>>> print(open('model-v9.tsv').read())   # TSV, C-alpha atoms and all ligand atoms
chain	number	residue	atom	x	y	z
A	9	MET	CA	-2.04	11.32	9.52
A	10	ILE	CA	-4.38	9.43	11.82
A	11	THR	CA	-3.66	9.67	15.56
A	12	GLU	CA	-3.49	6.68	17.89
A	13	LYS	CA	-6.73	7.82	19.54
A	14	GLN	CA	-8.53	8.04	16.19
A	15	ALA	CA	-7.19	4.61	15.24
A	16	SER	CA	-8.49	3.12	18.51
A	17	GLN	CA	-11.87	4.72	17.91
A	18	THR	CA	-12.02	3.36	14.37
A	19	ILE	CA	-11.09	-0.14	15.52
A	20	ALA	CA	-13.75	-0.01	18.26
A	21	GLU	CA	-16.40	1.07	15.73
A	22	ILE	CA	-15.46	-1.73	13.35
A	23	LEU	CA	-15.56	-4.34	16.13
A	24	SER	CA	-18.94	-3.14	17.35
A	25	SER	CA	-20.45	-3.71	13.90
A	26	HIS	CA	-19.54	-7.41	13.81
A	27	LYS	CA	-20.54	-10.50	15.72
A	28	LYS	CA	-17.95	-12.26	17.86
A	29	GLU	CA	-17.51	-15.13	15.45
A	30	GLU	CA	-14.23	-16.47	14.10
A	31	LYS	CA	-15.59	-16.41	10.56
A	32	ASN	CA	-15.47	-12.61	10.84
A	33	LEU	CA	-11.71	-12.55	11.22
A	34	ILE	CA	-10.85	-11.76	7.61
A	35	PRO	CA	-13.68	-9.23	7.12
A	36	LEU	CA	-12.47	-7.47	10.29
A	37	LEU	CA	-8.87	-7.40	9.10
A	38	GLN	CA	-9.99	-6.10	5.70
A	39	GLU	CA	-12.16	-3.40	7.21
A	40	VAL	CA	-9.43	-2.17	9.54
A	41	GLN	CA	-6.98	-2.04	6.65
A	42	THR	CA	-9.47	-0.18	4.44
A	43	LYS	CA	-10.08	2.43	7.14
A	44	LEU	CA	-6.51	2.80	8.47
A	45	GLY	CA	-4.50	1.85	5.39
A	46	TYR	CA	-2.70	-0.94	7.24
A	47	LEU	CA	-3.04	-3.35	10.17
A	48	PRO	CA	-1.47	-1.94	13.33
A	49	ARG	CA	-0.33	-4.46	15.95
A	50	LYS	CA	-2.90	-2.96	18.33
A	51	ALA	CA	-5.71	-3.76	15.88
A	52	MET	CA	-4.69	-7.39	15.70
A	53	GLN	CA	-4.56	-7.58	19.50
A	54	GLU	CA	-8.02	-6.05	19.76
A	55	ILE	CA	-9.46	-8.33	17.09
A	56	ALA	CA	-7.94	-11.36	18.84
A	57	GLY	CA	-9.46	-10.26	22.17
A	58	PHE	CA	-12.83	-9.59	20.53
A	59	LEU	CA	-12.97	-13.01	18.84
A	60	GLY	CA	-11.41	-14.85	21.79
A	61	MET	CA	-8.53	-16.09	19.64
A	62	PRO	CA	-4.78	-16.10	20.38
A	63	VAL	CA	-3.03	-13.05	18.88
A	64	VAL	CA	-0.53	-15.36	17.22
A	65	GLU	CA	-3.36	-17.00	15.29
A	66	VAL	CA	-4.69	-13.65	14.06
A	67	TRP	CA	-1.14	-12.68	13.08
A	68	GLY	CA	-0.72	-16.00	11.27
A	69	VAL	CA	-3.86	-15.46	9.20
A	70	ALA	CA	-2.98	-11.83	8.41
A	71	THR	CA	0.54	-12.69	7.25
A	72	PHE	CA	-0.70	-15.60	5.15
A	73	TYR	CA	-2.54	-13.27	2.76
A	74	ASN	CA	-0.44	-10.76	0.86
A	75	GLN	CA	-3.35	-8.31	0.71
A	76	PHE	CA	-2.50	-7.14	4.23
A	77	ARG	CA	0.06	-4.49	5.15
A	78	PHE	CA	1.64	-3.99	8.56
A	79	VAL	CA	3.14	-0.55	8.12
A	80	PRO	CA	1.34	2.71	7.27
A	81	LEU	CA	1.19	3.77	3.64
A	82	GLY	CA	3.65	6.44	2.55
A	83	LYS	CA	2.65	9.98	1.65
A	84	TYR	CA	3.07	8.85	-1.95
A	85	HIS	CA	1.75	5.35	-2.38
A	86	ILE	CA	3.03	3.62	-5.52
A	87	MET	CA	1.12	0.75	-7.09
A	88	VAL	CA	2.83	-1.25	-9.81
A	89	CYS	CA	0.42	-3.25	-11.93
A	90	MET	CA	1.49	-6.85	-12.29
A	91	GLY	CA	-1.54	-8.07	-14.21
A	92	THR	CA	-0.76	-10.20	-17.27
A	93	ALA	CA	-0.42	-7.36	-19.81
A	94	CYS	CA	1.75	-5.23	-17.53
A	95	HIS	CA	3.82	-8.19	-16.44
A	96	LEU	CA	4.52	-9.14	-20.07
A	97	ALA	CA	5.34	-5.53	-20.92
A	98	GLY	CA	8.04	-5.32	-18.24
A	99	GLY	CA	6.20	-4.54	-15.01
A	100	LYS	CA	8.69	-6.62	-13.03
A	101	LEU	CA	11.61	-4.49	-14.24
A	102	ILE	CA	9.81	-1.36	-13.07
A	103	LEU	CA	9.05	-2.91	-9.72
A	104	GLU	CA	12.71	-3.85	-9.29
A	105	ALA	CA	13.80	-0.36	-10.34
A	106	LEU	CA	11.49	1.16	-7.73
A	107	GLU	CA	12.76	-1.19	-5.04
A	108	ARG	CA	16.32	-0.13	-5.86
A	109	GLU	CA	15.49	3.56	-6.15
A	110	LEU	CA	13.51	3.72	-2.89
A	111	ASP	CA	15.52	1.06	-1.06
A	112	ILE	CA	12.39	-0.77	0.06
A	113	LYS	CA	10.63	-3.98	-0.90
A	114	VAL	CA	7.02	-4.45	-1.95
A	115	GLY	CA	4.74	-3.92	1.05
A	116	GLU	CA	7.20	-1.57	2.75
A	117	THR	CA	7.32	2.17	3.39
A	118	THR	CA	10.47	4.30	3.25
A	119	GLU	CA	11.88	5.29	6.64
A	120	ASP	CA	10.92	8.93	6.10
A	121	GLY	CA	7.32	7.84	5.49
A	122	ASN	CA	7.24	9.39	2.02
A	123	PHE	CA	6.94	6.39	-0.31
A	124	SER	CA	5.30	2.99	-0.06
A	125	LEU	CA	5.26	0.28	-2.68
A	126	GLU	CA	2.64	-2.25	-3.62
A	127	ARG	CA	2.11	-4.68	-6.49
A	128	VAL	CA	-1.46	-4.89	-7.68
A	129	ALA	CA	-3.52	-6.96	-10.10
A	130	CYS	CA	-4.90	-5.49	-13.34
A	131	ILE	CA	-6.20	-1.97	-12.83
A	132	GLY	CA	-8.15	-2.00	-16.07
A	133	CYS	CA	-6.02	-0.02	-18.52
A	134	CYS	CA	-4.03	-2.81	-20.15
A	135	MET	CA	-3.66	-0.83	-23.42
A	136	LEU	CA	-1.29	1.45	-21.49
A	137	ALA	CA	0.86	-1.36	-20.09
A	138	PRO	CA	3.02	-1.35	-18.16
A	139	VAL	CA	1.20	0.93	-15.79
A	140	VAL	CA	2.17	2.47	-12.45
A	141	VAL	CA	-0.06	4.55	-10.19
A	142	VAL	CA	1.46	7.13	-7.87
A	143	LYS	CA	-0.98	8.70	-5.45
A	144	ASP	CA	-3.97	8.20	-7.79
A	145	LYS	CA	-2.14	9.42	-10.89
A	146	ILE	CA	-1.68	6.89	-13.69
A	147	TYR	CA	1.69	6.63	-15.42
A	148	PRO	CA	1.34	4.69	-18.68
A	149	ARG	CA	3.92	2.73	-20.72
A	150	MET	CA	6.56	3.02	-18.07
A	151	THR	CA	10.19	2.01	-18.24
A	152	PRO	CA	12.63	1.91	-15.33
A	153	PHE	CA	14.18	5.16	-16.59
A	154	LYS	CA	10.81	6.94	-16.99
A	155	MET	CA	9.88	5.75	-13.51
A	156	GLU	CA	12.97	7.31	-11.98
A	157	GLU	CA	12.14	10.56	-13.77
A	158	ALA	CA	8.52	10.43	-12.63
A	159	LEU	CA	9.62	10.19	-9.00
A	160	ILE	CA	11.68	13.39	-9.09
A	161	PRO	CA	8.78	15.85	-8.55
A	162	TYR	CA	7.44	13.74	-5.68
A	163	LYS	CA	10.85	13.67	-4.03
A	164	GLN	CA	11.14	17.42	-4.44
A	165	GLU	CA	7.69	17.96	-3.00
A	166	ALA	CA	8.48	15.65	-0.08
A	167	GLN	CA	11.54	17.76	0.69
A	168	GLY	CA	9.45	20.90	0.69
A	169	GLU	CA	10.71	22.14	-2.67
A	170	PRO	CA	8.17	23.29	-5.23
A	171	LYS	CA	7.43	20.70	-7.91
A	172	GLU	CA	9.40	21.47	-11.06
A	173	GLY	CA	7.37	21.18	-14.24
A	174	LYS	CA	5.10	18.29	-14.93
A	175	SER	CA	5.87	14.62	-14.68
A	176	LYS	CA	6.20	12.66	-17.87
A	177	SER	CA	2.81	10.94	-17.86
A	178	LYS	CA	0.69	10.94	-20.98
A	179	SER	CA	-3.02	10.47	-21.18
B	1	LIG	S1	-2.63	-5.78	-16.65
B	1	LIG	FE1	-1.97	-3.85	-15.98
B	1	LIG	S2	-3.65	-2.60	-16.41
B	1	LIG	FE2	-4.32	-4.55	-17.00
>>> encode(input="model-v9.tsv", output="structure tokens", more="lines below")
Ligand code: FES
Amino acid sequence: MITEKQASQTIAEILSSHKKEEKNLIPLLQEVQTKLGYLPRKAMQEIAGFLGMPVVEVWGVATFYNQFRFVPLGKYHIMVCMGTACHLAGGKLILEALERELDIKVGETTEDGNFSLERVACIGCCMLAPVVVVKDKIYPRMTPFKMEEALIPYKQEAQGEPKEGKSKSKS
């Protein structure tokens, strides 16, 4: 996990590679999120100071776009594809099942920092719809029940127990 000092250093590096122009606001926000995985409050304050804009304006822009996150990603980041094929094949049901199972909403991270949830556009394997990605591993043709099963090894690992068997993904 990145320390506060490392985050400050990263933000300073990103700022130093851009001109102080308002048109750079979104590229700056995107770059910070790419490097840190989310937009800390401190980053938005620094960006506002750098561009000479009110923090509230930077916050307003960042919250307008749903590409930005304001909490760190979980140890296991879950992406539910909501592209057309996955949506039609029941992606929304899986997303709802995950929200219930983890007790978080899209864009949030569980209190223990283990799981975070995101909805994404087509990830390019529509033949396997509906698709979920957990920490870079693709789970094809998911159902709410299969999703609950797939989470078990991650929960065990998060609790320090050895993973039991393999998850149910097929390739
Ligand atoms: S729509 Fe989900 S992979 Fe293409």
>>> closest_residue(input="model-v9.tsv", among="A:Pro161, A:Pro138, A:Gly82, A:Gly98", to="Asn122 of chain A", atoms="only C-alpha atoms")
A:Gly82
>>> residues_near_point(input="model-v9.tsv", point="(9.2, 14.5, 2.1)", cutoff="12 Å", atoms="only C-alpha atoms", output="list in words")
Gly82, Lys83, Tyr84, Thr118, Glu119, Asp120, Gly121, Asn122, Phe123, Leu159, Ile160, Pro161, Tyr162, Lys163, Gln164, Glu165, Ala166, Gln167, Gly168, Glu169, Pro170 and Lys171 of chain A
>>> residues_near_ligand(input="model-v9.tsv", ligand="ligand LIG 1 (chain B)", cutoff="10 Å", atoms="only C-alpha atoms and all ligand atoms", output="ChimeraX atom specification")
/A:88-97,99,128-140,148
>>> closest_residue(input="model-v9.tsv", among="A:Ala158, A:Phe72, A:Gly57, A:Leu44", to="Ile146 of chain A", atoms="all atoms listed in the file")
A:Ala158
>>> atom_distance(input="model-v9.tsv", atom1="atom CA of Leu47 of chain A", atom2="atom CA of Lys27 of chain A")
19.7 Å
>>> closest_residue(input="model-v9.tsv", among="A:Ile86, A:Leu33, A:Ile22, A:Met150", to="Thr117 of chain A", atoms="only C-alpha atoms")
A:Ile86
>>> residues_around(input="model-v9.tsv", residues="Leu36 of chain A", least_positions_apart="4", cutoff="10 Å", atoms="only C-alpha atoms", output="list of chain:residue names")
A:Ile19, A:Ile22, A:Leu23, A:Ser25, A:His26, A:Glu30, A:Lys31, A:Asn32, A:Val40, A:Gln41, A:Thr42, A:Ala51, A:Met52, A:Ile55
>>> closest_residue(input="model-v9.tsv", among="A:Arg108, A:Arg127, A:Lys50, A:Glu39", to="Glu21 of chain A", atoms="only C-alpha atoms")
A:Glu39
>>> atom_distance(input="model-v9.tsv", atom1="atom CA of Ser16 of chain A", atom2="atom CA of Val114 of chain A")
26.8 Å
>>> axis_aligned_box(input="model-v9.tsv", around="segment 148-155 of chain A", padding_each_side="4 Å", output="AutoDock Vina command-line options")
--center_x 7.8 --center_y 4.4 --center_z -17.1 --size_x 20.8 --size_y 13.0 --size_z 15.2
>>> closest_residue(input="model-v9.tsv", among="A:Phe153, A:Lys28, A:Gly45, A:Lys145", to="Leu81 of chain A", atoms="only C-alpha atoms")
A:Gly45
>>> residues_around(input="model-v9.tsv", residues="Leu101 of chain A", least_positions_apart="4", cutoff="8 Å", atoms="all atoms listed in the file", output="JSON, numbers by chain")
{"A": [105, 151, 152]}
>>> residues_around(input="model-v9.tsv", residues="Gly68 of chain A", least_positions_apart="5", cutoff="12 Å", atoms="all atoms listed in the file", output="list in words")
Leu33, Ile34, Met52, Ala56, Met61, Pro62, Val63, Tyr73, Asn74 and Phe76 of chain A
>>> residues_around(input="model-v9.tsv", residues="Ala15 of chain A", least_positions_apart="3", cutoff="9 Å", atoms="all atoms listed in the file", output="mmCIF file with C-alpha atoms, in the frame of the given file")
data_model
loop_
_atom_site.group_PDB
_atom_site.id
_atom_site.type_symbol
_atom_site.label_atom_id
_atom_site.label_comp_id
_atom_site.auth_asym_id
_atom_site.auth_seq_id
_atom_site.Cartn_x
_atom_site.Cartn_y
_atom_site.Cartn_z
ATOM 1 C CA ILE A 10 -4.380 9.430 11.820
ATOM 2 C CA THR A 11 -3.660 9.670 15.560
ATOM 3 C CA GLU A 12 -3.490 6.680 17.890
ATOM 4 C CA THR A 18 -12.020 3.360 14.370
ATOM 5 C CA ILE A 19 -11.090 -0.140 15.520
ATOM 6 C CA ALA A 20 -13.750 -0.010 18.260
ATOM 7 C CA LYS A 43 -10.080 2.430 7.140
ATOM 8 C CA LEU A 44 -6.510 2.800 8.470
ATOM 9 C CA PRO A 48 -1.470 -1.940 13.330
ATOM 10 C CA ALA A 51 -5.710 -3.760 15.880
#
>>> atom_distance(input="model-v9.tsv", atom1="atom CA of Glu104 of chain A", atom2="atom CA of Thr71 of chain A")
22.4 Å
>>> residues_around(input="model-v9.tsv", residues="Lys113 of chain A", least_positions_apart="2", cutoff="9 Å", atoms="only C-alpha atoms", output="PDB file with C-alpha atoms, in the frame of the given file")
ATOM      1  CA  GLU A 104      12.710  -3.850  -9.290  1.00  0.00           C
ATOM      2  CA  LEU A 106      11.490   1.160  -7.730  1.00  0.00           C
ATOM      3  CA  GLU A 107      12.760  -1.190  -5.040  1.00  0.00           C
ATOM      4  CA  ARG A 108      16.320  -0.130  -5.860  1.00  0.00           C
ATOM      5  CA  LEU A 110      13.510   3.720  -2.890  1.00  0.00           C
ATOM      6  CA  ASP A 111      15.520   1.060  -1.060  1.00  0.00           C
ATOM      7  CA  GLY A 115       4.740  -3.920   1.050  1.00  0.00           C
ATOM      8  CA  GLU A 116       7.200  -1.570   2.750  1.00  0.00           C
ATOM      9  CA  THR A 117       7.320   2.170   3.390  1.00  0.00           C
ATOM     10  CA  SER A 124       5.300   2.990  -0.060  1.00  0.00           C
ATOM     11  CA  LEU A 125       5.260   0.280  -2.680  1.00  0.00           C
ATOM     12  CA  GLU A 126       2.640  -2.250  -3.620  1.00  0.00           C
TER      13      GLU A 126
END
>>> closest_residue(input="model-v9.tsv", among="A:Asp144, A:Ile102, A:Leu37, A:Glu156", to="Arg77 of chain A", atoms="only C-alpha atoms")
A:Leu37
>>> decode(input="model-v9.tsv", residues="segment 104-152 of chain A", atoms="C-alpha atoms", output="mmCIF file, in the first residue's frame")
data_model
loop_
_atom_site.group_PDB
_atom_site.id
_atom_site.type_symbol
_atom_site.label_atom_id
_atom_site.label_comp_id
_atom_site.auth_asym_id
_atom_site.auth_seq_id
_atom_site.Cartn_x
_atom_site.Cartn_y
_atom_site.Cartn_z
ATOM 1 C CA GLU A 104 -26.569 -6.311 -7.470
ATOM 2 C CA ALA A 105 -25.537 -9.670 -6.000
ATOM 3 C CA LEU A 106 -22.030 -8.334 -5.379
ATOM 4 C CA GLU A 107 -23.371 -5.177 -3.765
ATOM 5 C CA ARG A 108 -25.480 -7.316 -1.426
ATOM 6 C CA GLU A 109 -22.714 -9.825 -0.731
ATOM 7 C CA LEU A 110 -20.048 -7.197 -0.010
ATOM 8 C CA ASP A 111 -22.411 -4.600 1.454
ATOM 9 C CA ILE A 112 -20.973 -1.829 -0.705
ATOM 10 C CA LYS A 113 -22.110 0.098 -3.760
ATOM 11 C CA VAL A 114 -20.299 0.554 -7.050
ATOM 12 C CA GLY A 115 -17.291 2.826 -6.555
ATOM 13 C CA GLU A 116 -16.895 1.829 -2.904
ATOM 14 C CA THR A 117 -14.417 -0.298 -0.969
ATOM 15 C CA THR A 118 -15.313 -2.596 1.934
ATOM 16 C CA GLU A 119 -14.423 -1.257 5.376
ATOM 17 C CA ASP A 120 -11.693 -3.861 5.805
ATOM 18 C CA GLY A 121 -10.111 -2.688 2.541
ATOM 19 C CA ASN A 122 -10.381 -6.130 0.955
ATOM 20 C CA PHE A 123 -12.895 -5.633 -1.864
ATOM 21 C CA SER A 124 -13.782 -2.766 -4.153
ATOM 22 C CA LEU A 125 -16.416 -2.735 -6.855
ATOM 23 C CA GLU A 126 -16.525 -1.046 -10.220
ATOM 24 C CA ARG A 127 -18.732 -1.261 -13.301
ATOM 25 C CA VAL A 128 -16.837 -1.091 -16.556
ATOM 26 C CA ALA A 129 -17.601 -0.871 -20.257
ATOM 27 C CA CYS A 130 -16.928 -3.785 -22.627
ATOM 28 C CA ILE A 131 -13.657 -5.506 -21.831
ATOM 29 C CA GLY A 132 -13.521 -7.270 -25.168
ATOM 30 C CA CYS A 133 -14.665 -10.823 -24.458
ATOM 31 C CA CYS A 134 -18.378 -10.545 -25.194
ATOM 32 C CA MET A 135 -18.610 -14.241 -26.189
ATOM 33 C CA LEU A 136 -18.118 -15.020 -22.492
ATOM 34 C CA ALA A 137 -20.835 -12.657 -21.251
ATOM 35 C CA PRO A 138 -21.603 -11.846 -18.582
ATOM 36 C CA VAL A 139 -18.044 -11.308 -17.470
ATOM 37 C CA VAL A 140 -16.528 -10.271 -14.146
ATOM 38 C CA VAL A 141 -12.858 -9.568 -13.459
ATOM 39 C CA VAL A 142 -11.449 -10.074 -9.981
ATOM 40 C CA LYS A 143 -7.894 -8.870 -9.536
ATOM 41 C CA ASP A 144 -7.002 -9.444 -13.213
ATOM 42 C CA LYS A 145 -8.657 -12.862 -13.408
ATOM 43 C CA ILE A 146 -11.576 -13.198 -15.810
ATOM 44 C CA TYR A 147 -14.708 -15.037 -14.684
ATOM 45 C CA PRO A 148 -16.878 -15.902 -17.688
ATOM 46 C CA ARG A 149 -20.626 -16.605 -17.957
ATOM 47 C CA MET A 150 -21.297 -15.593 -14.400
ATOM 48 C CA THR A 151 -24.488 -15.904 -12.424
ATOM 49 C CA PRO A 152 -25.160 -14.391 -8.997
#
